[in-house]
>>> print(open('model_1.json').read())   # JSON, C-alpha atoms
[["chain", "number", "residue", "atom", "x", "y", "z"],
["A", 1, "MET", "CA", -42.42, -34.37, 2.01],
["A", 2, "LYS", "CA", -43.91, -31.95, 4.55],
["A", 3, "ALA", "CA", -41.34, -29.26, 3.70],
["A", 4, "LEU", "CA", -42.07, -29.75, 0.02],
["A", 5, "LEU", "CA", -45.82, -29.36, 0.50],
["A", 6, "ARG", "CA", -45.30, -26.21, 2.58],
["A", 7, "PHE", "CA", -43.13, -24.81, -0.20],
["A", 8, "LEU", "CA", -45.81, -25.22, -2.87],
["A", 9, "PRO", "CA", -48.58, -22.60, -2.89],
["A", 10, "CYS", "CA", -51.43, -25.01, -3.66],
["A", 11, "PRO", "CA", -52.19, -28.69, -4.23],
["A", 12, "THR", "CA", -52.72, -30.18, -7.66],
["A", 13, "PRO", "CA", -56.37, -29.68, -8.72],
["A", 14, "ASN", "CA", -58.54, -32.80, -8.80],
["A", 15, "GLU", "CA", -59.36, -31.99, -12.42],
["A", 16, "TRP", "CA", -55.71, -32.55, -13.37],
["A", 17, "VAL", "CA", -55.62, -35.91, -11.56],
["A", 18, "GLU", "CA", -58.77, -37.02, -13.39],
["A", 19, "ALA", "CA", -57.27, -35.98, -16.72],
["A", 20, "ALA", "CA", -53.99, -37.75, -15.93],
["A", 21, "LEU", "CA", -55.83, -41.02, -15.29],
["A", 22, "LEU", "CA", -57.71, -40.68, -18.58],
["A", 23, "ARG", "CA", -54.58, -39.76, -20.55],
["A", 24, "GLN", "CA", -51.90, -42.00, -19.11],
["A", 25, "ASN", "CA", -50.18, -42.44, -22.48],
["A", 26, "LEU", "CA", -49.75, -38.70, -22.82],
["A", 27, "LEU", "CA", -48.73, -38.42, -19.17],
["A", 28, "LEU", "CA", -45.89, -40.91, -19.64],
["A", 29, "ILE", "CA", -44.64, -39.33, -22.86],
["A", 30, "ASP", "CA", -44.58, -35.84, -21.37],
["A", 31, "HIS", "CA", -43.01, -37.12, -18.16],
["A", 32, "ALA", "CA", -40.21, -38.63, -20.24],
["A", 33, "ASN", "CA", -39.72, -35.25, -21.89],
["A", 34, "CYS", "CA", -39.59, -33.58, -18.47],
["A", 35, "GLU", "CA", -36.83, -35.94, -17.32],
["A", 36, "LYS", "CA", -34.76, -35.11, -20.42],
["A", 37, "LYS", "CA", -35.23, -31.39, -19.83],
["A", 38, "ALA", "CA", -34.28, -31.75, -16.16],
["A", 39, "ALA", "CA", -31.07, -33.54, -17.08],
["A", 40, "SER", "CA", -30.32, -30.88, -19.69],
["A", 41, "THR", "CA", -30.85, -28.05, -17.19],
["A", 42, "ALA", "CA", -28.48, -29.70, -14.73],
["A", 43, "MET", "CA", -25.83, -30.10, -17.44],
["A", 44, "GLN", "CA", -26.19, -26.47, -18.51],
["A", 45, "LEU", "CA", -25.63, -25.32, -14.93],
["A", 46, "MET", "CA", -22.51, -27.50, -14.75],
["A", 47, "TYR", "CA", -21.09, -25.95, -17.92],
["A", 48, "ARG", "CA", -21.87, -22.36, -16.86],
["A", 49, "HIS", "CA", -20.66, -22.55, -13.26],
["A", 50, "THR", "CA", -17.47, -24.60, -13.26],
["A", 51, "GLU", "CA", -16.12, -22.54, -10.33],
["A", 52, "LYS", "CA", -18.75, -23.91, -7.92],
["A", 53, "PRO", "CA", -17.72, -27.45, -6.86],
["A", 54, "ASP", "CA", -20.76, -28.15, -4.69],
["A", 55, "LEU", "CA", -23.08, -27.19, -7.56],
["A", 56, "LEU", "CA", -21.09, -29.43, -9.92],
["A", 57, "LEU", "CA", -21.40, -32.39, -7.58],
["A", 58, "LYS", "CA", -25.13, -31.98, -6.93],
["A", 59, "MET", "CA", -26.00, -31.29, -10.57],
["A", 60, "SER", "CA", -23.92, -34.22, -11.86],
["A", 61, "GLN", "CA", -25.80, -36.56, -9.53],
["A", 62, "LEU", "CA", -29.11, -34.99, -10.50],
["A", 63, "ALA", "CA", -28.38, -35.30, -14.23],
["A", 64, "ARG", "CA", -27.49, -38.99, -13.87],
["A", 65, "GLU", "CA", -30.67, -39.71, -11.93],
["A", 66, "GLU", "CA", -32.89, -37.81, -14.34],
["A", 67, "LEU", "CA", -31.45, -39.71, -17.30],
["A", 68, "LEU", "CA", -32.00, -42.98, -15.43],
["A", 69, "HIS", "CA", -35.62, -41.96, -14.84],
["A", 70, "PHE", "CA", -35.93, -41.16, -18.54],
["A", 71, "GLN", "CA", -34.59, -44.60, -19.41],
["A", 72, "GLN", "CA", -37.06, -46.24, -17.02],
["A", 73, "ILE", "CA", -40.03, -44.33, -18.45],
["A", 74, "VAL", "CA", -39.03, -45.14, -22.04],
["A", 75, "THR", "CA", -38.86, -48.81, -21.04],
["A", 76, "ILE", "CA", -42.39, -48.62, -19.61],
["A", 77, "ILE", "CA", -43.63, -46.79, -22.70],
["A", 78, "SER", "CA", -42.15, -49.52, -24.90],
["A", 79, "GLU", "CA", -43.62, -52.31, -22.77],
["A", 80, "LYS", "CA", -47.06, -50.69, -23.02],
["A", 81, "ASN", "CA", -46.71, -50.35, -26.82],
["A", 82, "ILE", "CA", -47.10, -46.59, -26.62],
["A", 83, "LYS", "CA", -45.72, -44.58, -29.53],
["A", 84, "TYR", "CA", -43.19, -42.07, -28.22],
["A", 85, "VAL", "CA", -44.00, -38.89, -30.14],
["A", 86, "GLN", "CA", -42.86, -35.28, -29.98],
["A", 87, "LEU", "CA", -44.99, -33.02, -27.77],
["A", 88, "GLY", "CA", -44.98, -29.26, -27.47],
["A", 89, "PRO", "CA", -43.93, -27.93, -24.06],
["A", 90, "SER", "CA", -46.43, -26.81, -21.46],
["A", 91, "ARG", "CA", -46.58, -23.18, -20.41],
["A", 92, "TYR", "CA", -45.53, -24.10, -16.85],
["A", 93, "ALA", "CA", -41.72, -23.99, -17.07],
["A", 94, "LYS", "CA", -41.82, -21.11, -19.55],
["A", 95, "GLY", "CA", -44.09, -19.12, -17.25],
["A", 96, "LEU", "CA", -41.70, -19.58, -14.33],
["A", 97, "ARG", "CA", -38.58, -18.84, -16.37],
["A", 98, "GLU", "CA", -40.01, -15.54, -17.57],
["A", 99, "LEU", "CA", -39.31, -14.23, -14.06],
["A", 100, "ILE", "CA", -35.60, -15.09, -14.15],
["A", 101, "ALA", "CA", -33.51, -11.93, -13.75],
["A", 102, "GLY", "CA", -30.77, -10.85, -16.15],
["A", 103, "ASN", "CA", -28.05, -10.19, -13.57],
["A", 104, "ASP", "CA", -25.57, -13.11, -13.63],
["A", 105, "ASN", "CA", -25.74, -14.10, -9.97],
["A", 106, "GLN", "CA", -29.47, -13.42, -9.63],
["A", 107, "LYS", "CA", -30.02, -15.37, -12.82],
["A", 108, "LEU", "CA", -28.34, -18.37, -11.21],
["A", 109, "VAL", "CA", -30.35, -18.02, -8.00],
["A", 110, "ASP", "CA", -33.62, -17.64, -9.91],
["A", 111, "THR", "CA", -32.81, -20.63, -12.10],
["A", 112, "LEU", "CA", -32.24, -22.72, -8.97],
["A", 113, "ILE", "CA", -35.54, -21.50, -7.49],
["A", 114, "VAL", "CA", -37.35, -22.51, -10.69],
["A", 115, "GLY", "CA", -35.69, -25.91, -10.44],
["A", 116, "ALA", "CA", -36.93, -26.24, -6.86],
["A", 117, "PHE", "CA", -40.52, -25.49, -7.92],
["A", 118, "ILE", "CA", -40.43, -27.91, -10.85],
["A", 119, "GLU", "CA", -39.04, -30.75, -8.73],
["A", 120, "ALA", "CA", -41.44, -30.01, -5.86],
["A", 121, "ARG", "CA", -44.47, -29.97, -8.17],
["A", 122, "SER", "CA", -43.33, -33.16, -9.89],
["A", 123, "CYS", "CA", -43.00, -34.92, -6.56],
["A", 124, "GLU", "CA", -46.41, -33.66, -5.41],
["A", 125, "ARG", "CA", -48.02, -34.91, -8.62],
["A", 126, "PHE", "CA", -46.40, -38.34, -8.31],
["A", 127, "SER", "CA", -47.92, -38.58, -4.86],
["A", 128, "ALA", "CA", -51.34, -37.41, -6.11],
["A", 129, "ILE", "CA", -51.72, -40.01, -8.86],
["A", 130, "LEU", "CA", -49.90, -43.10, -7.64],
["A", 131, "PRO", "CA", -52.82, -44.48, -5.53],
["A", 132, "PHE", "CA", -54.93, -44.72, -8.72],
["A", 133, "LEU", "CA", -52.40, -46.30, -11.08],
["A", 134, "ASP", "CA", -51.72, -49.93, -11.91],
["A", 135, "LYS", "CA", -49.12, -51.76, -9.83],
["A", 136, "GLN", "CA", -46.26, -51.14, -12.26],
["A", 137, "LEU", "CA", -46.79, -47.40, -12.54],
["A", 138, "SER", "CA", -47.67, -46.98, -8.87],
["A", 139, "ARG", "CA", -44.44, -48.69, -7.83],
["A", 140, "PHE", "CA", -42.44, -46.66, -10.35],
["A", 141, "TYR", "CA", -43.77, -43.30, -9.18],
["A", 142, "ARG", "CA", -43.42, -44.26, -5.53],
["A", 143, "ASN", "CA", -39.76, -45.04, -6.15],
["A", 144, "LEU", "CA", -39.27, -41.60, -7.70],
["A", 145, "LEU", "CA", -40.60, -39.69, -4.70],
["A", 146, "LYS", "CA", -37.43, -39.81, -2.60],
["A", 147, "SER", "CA", -35.05, -38.72, -5.37],
["A", 148, "GLU", "CA", -37.35, -35.94, -6.60],
["A", 149, "GLU", "CA", -37.71, -34.62, -3.06],
["A", 150, "ARG", "CA", -33.93, -34.60, -2.72],
["A", 151, "HIS", "CA", -33.62, -32.72, -6.02],
["A", 152, "PHE", "CA", -36.03, -30.10, -4.67],
["A", 153, "MET", "CA", -33.94, -29.68, -1.52],
["A", 154, "ASP", "CA", -30.68, -29.50, -3.48],
["A", 155, "TYR", "CA", -31.99, -26.73, -5.71],
["A", 156, "LEU", "CA", -33.36, -24.77, -2.77],
["A", 157, "GLU", "CA", -30.20, -25.11, -0.67],
["A", 158, "LEU", "CA", -28.02, -24.00, -3.57],
["A", 159, "ALA", "CA", -30.28, -21.00, -4.21],
["A", 160, "LYS", "CA", -29.93, -19.96, -0.57],
["A", 161, "LYS", "CA", -26.16, -20.44, -0.64],
["A", 162, "TYR", "CA", -25.49, -18.37, -3.75],
["A", 163, "SER", "CA", -27.93, -15.54, -3.04],
["A", 164, "ASP", "CA", -26.55, -12.34, -1.54],
["A", 165, "VAL", "CA", -29.83, -11.80, 0.31],
["A", 166, "ASP", "CA", -32.60, -13.91, 1.80],
["A", 167, "ILE", "CA", -34.45, -15.63, -1.04],
["A", 168, "GLY", "CA", -37.85, -15.39, 0.65],
["A", 169, "ASN", "CA", -39.10, -12.49, -1.48],
["A", 170, "ARG", "CA", -38.02, -14.15, -4.72],
["A", 171, "VAL", "CA", -39.59, -17.46, -3.72],
["A", 172, "ARG", "CA", -42.87, -15.68, -2.95],
["A", 173, "LYS", "CA", -42.82, -13.98, -6.35],
["A", 174, "PHE", "CA", -42.29, -17.28, -8.15],
["A", 175, "SER", "CA", -44.88, -18.92, -5.89],
["A", 176, "GLU", "CA", -47.59, -16.50, -7.01],
["A", 177, "VAL", "CA", -46.91, -17.29, -10.66],
["A", 178, "GLU", "CA", -46.69, -21.04, -9.97],
["A", 179, "GLU", "CA", -50.09, -21.03, -8.27],
["A", 180, "ASN", "CA", -51.66, -19.29, -11.26],
["A", 181, "LEU", "CA", -50.07, -21.74, -13.69],
["A", 182, "ILE", "CA", -51.36, -24.72, -11.70],
["A", 183, "SER", "CA", -54.82, -23.34, -10.91],
["A", 184, "GLU", "CA", -55.77, -21.75, -14.24],
["A", 185, "SER", "CA", -57.21, -23.65, -17.20],
["A", 186, "ASP", "CA", -54.97, -25.14, -19.88],
["A", 187, "LEU", "CA", -55.97, -26.07, -23.41],
["A", 188, "GLU", "CA", -53.42, -28.93, -23.53],
["A", 189, "PHE", "CA", -52.81, -31.64, -20.96],
["A", 190, "ARG", "CA", -49.22, -31.98, -19.82],
["A", 191, "PHE", "CA", -47.43, -33.28, -16.74],
["A", 192, "HIS", "CA", -47.20, -29.75, -15.33],
["A", 193, "SER", "CA", -50.31, -28.25, -16.91],
["A", 194, "GLY", "CA", -53.11, -26.50, -15.03],
["A", 195, "LYS", "CA", -56.77, -27.47, -14.99],
["A", 196, "PRO", "CA", -57.65, -29.12, -18.31],
["A", 197, "VAL", "CA", -60.38, -27.37, -20.27],
["A", 198, "LYS", "CA", -61.60, -30.71, -21.53],
["A", 199, "CYS", "CA", -60.73, -34.22, -20.32],
["A", 200, "LEU", "CA", -60.58, -36.66, -23.20],
["A", 201, "ALA", "CA", -59.46, -40.29, -23.07],
["A", 202, "ASP", "CA", -56.67, -41.29, -25.45]]
>>> encode(input="model_1.json", output="structure tokens")
Amino acid sequence: MKALLRFLPCPTPNEWVEAALLRQNLLLIDHANCEKKAASTAMQLMYRHTEKPDLLLKMSQLAREELLHFQQIVTIISEKNIKYVQLGPSRYAKGLRELIAGNDNQKLVDTLIVGAFIEARSCERFSAILPFLDKQLSRFYRNLLKSEERHFMDYLELAKKYSDVDIGNRVRKFSEVEENLISESDLEFRFHSGKPVKCLAD
């Protein structure tokens, strides 16, 4: 967890935590969407890079775990009688992906770096909110911490392995954008959104 926190440029703002506690229904729905997207990203990497056995192994494990997390969240949503509705994406992942380079190998490295940031931020946010949740949700998010931290490390290690140069400069570039996305105001609340402009209860 210490390595993960050093990797991130800033902590989650208190305003986001307050909004998450007020909008737990929305938090769960968007978290479910995030798990689906994470599994999809892992599968896409597997299809595009069949010549990299270590990537295939790590991404296949990641995809299975993300789909299991999705199943667990959907179960919780159903138990809480929450209607699972379609939500538009936050600007977080899109903002990070806009930096991905066009060169094939650099595109892979950048995609892995983005994955590392998304997993690291997810893990940090689980940790930020779990002390304030009910027992069921607190236990659920606590159980996710270890796997999400491992996903972060897998993405980062793969990025280092496949890069022709030290990834430090690229990580710093993504870090600057990530900090802005987390620290700036957002009109819509999402799992990876920045500071909410207005905190409204569901």
>>> closest_atom_pairs(input="model_1.json", of="segment 19-94 of chain A", to="segment 126-137 of chain A", cutoff="10 Å", atoms="all atoms listed in the file", output="CSV")
residue,atom,partner,partner_atom,distance
A:Ala20,CA,A:Ile129,CA,7.8
A:Leu21,CA,A:Leu133,CA,7.6
A:Gln24,CA,A:Leu133,CA,9.1
A:Leu28,CA,A:Leu137,CA,9.7
A:Ile73,CA,A:Leu137,CA,9.5
A:Ile76,CA,A:Leu137,CA,8.4
>>> closest_residue(input="model_1.json", among="A:Ile113, A:Leu158, A:Cys123, A:Ile100", to="Met59 of chain A", atoms="all atoms listed in the file")
A:Leu158
>>> residues_around(input="model_1.json", residues="Glu124 of chain A", least_positions_apart="5", cutoff="8 Å", atoms="only C-alpha atoms", output="compact mmCIF listing (two decimals) with C-alpha atoms, in the coordinates of the input")
# COMPACT_ATOMS: atom_id res chain seq x y z
CA LEU A 4 -42.07 -29.75 0.02
CA LEU A 5 -45.82 -29.36 0.50
CA PRO A 11 -52.19 -28.69 -4.23
CA THR A 12 -52.72 -30.18 -7.66
>>> residues_near_point(input="model_1.json", point="(-39.8, -44.2, -14.6)", cutoff="9 Å", atoms="all atoms listed in the file", output="list in words")
Leu28, His31, Ala32, Leu68, His69, Phe70, Gln71, Gln72, Ile73, Val74, Thr75, Ile76, Leu137, Phe140, Tyr141, Asn143 and Leu144 of chain A
>>> atom_distance(input="model_1.json", atom1="atom CA of Glu184 of chain A", atom2="atom CA of Ile29 of chain A")
22.5 Å
>>> closest_residue(input="model_1.json", among="A:Lys36, A:Arg121, A:Lys195, A:Lys146", to="Glu15 of chain A", atoms="all atoms listed in the file")
A:Lys195
>>> residues_around(input="model_1.json", residues="Leu87 of chain A", least_positions_apart="6", cutoff="9 Å", atoms="only C-alpha atoms", output="ChimeraX atom specification")
/A:26,29-30,33
>>> atom_distance(input="model_1.json", atom1="atom CA of Phe117 of chain A", atom2="atom CA of Asn25 of chain A")
24.3 Å
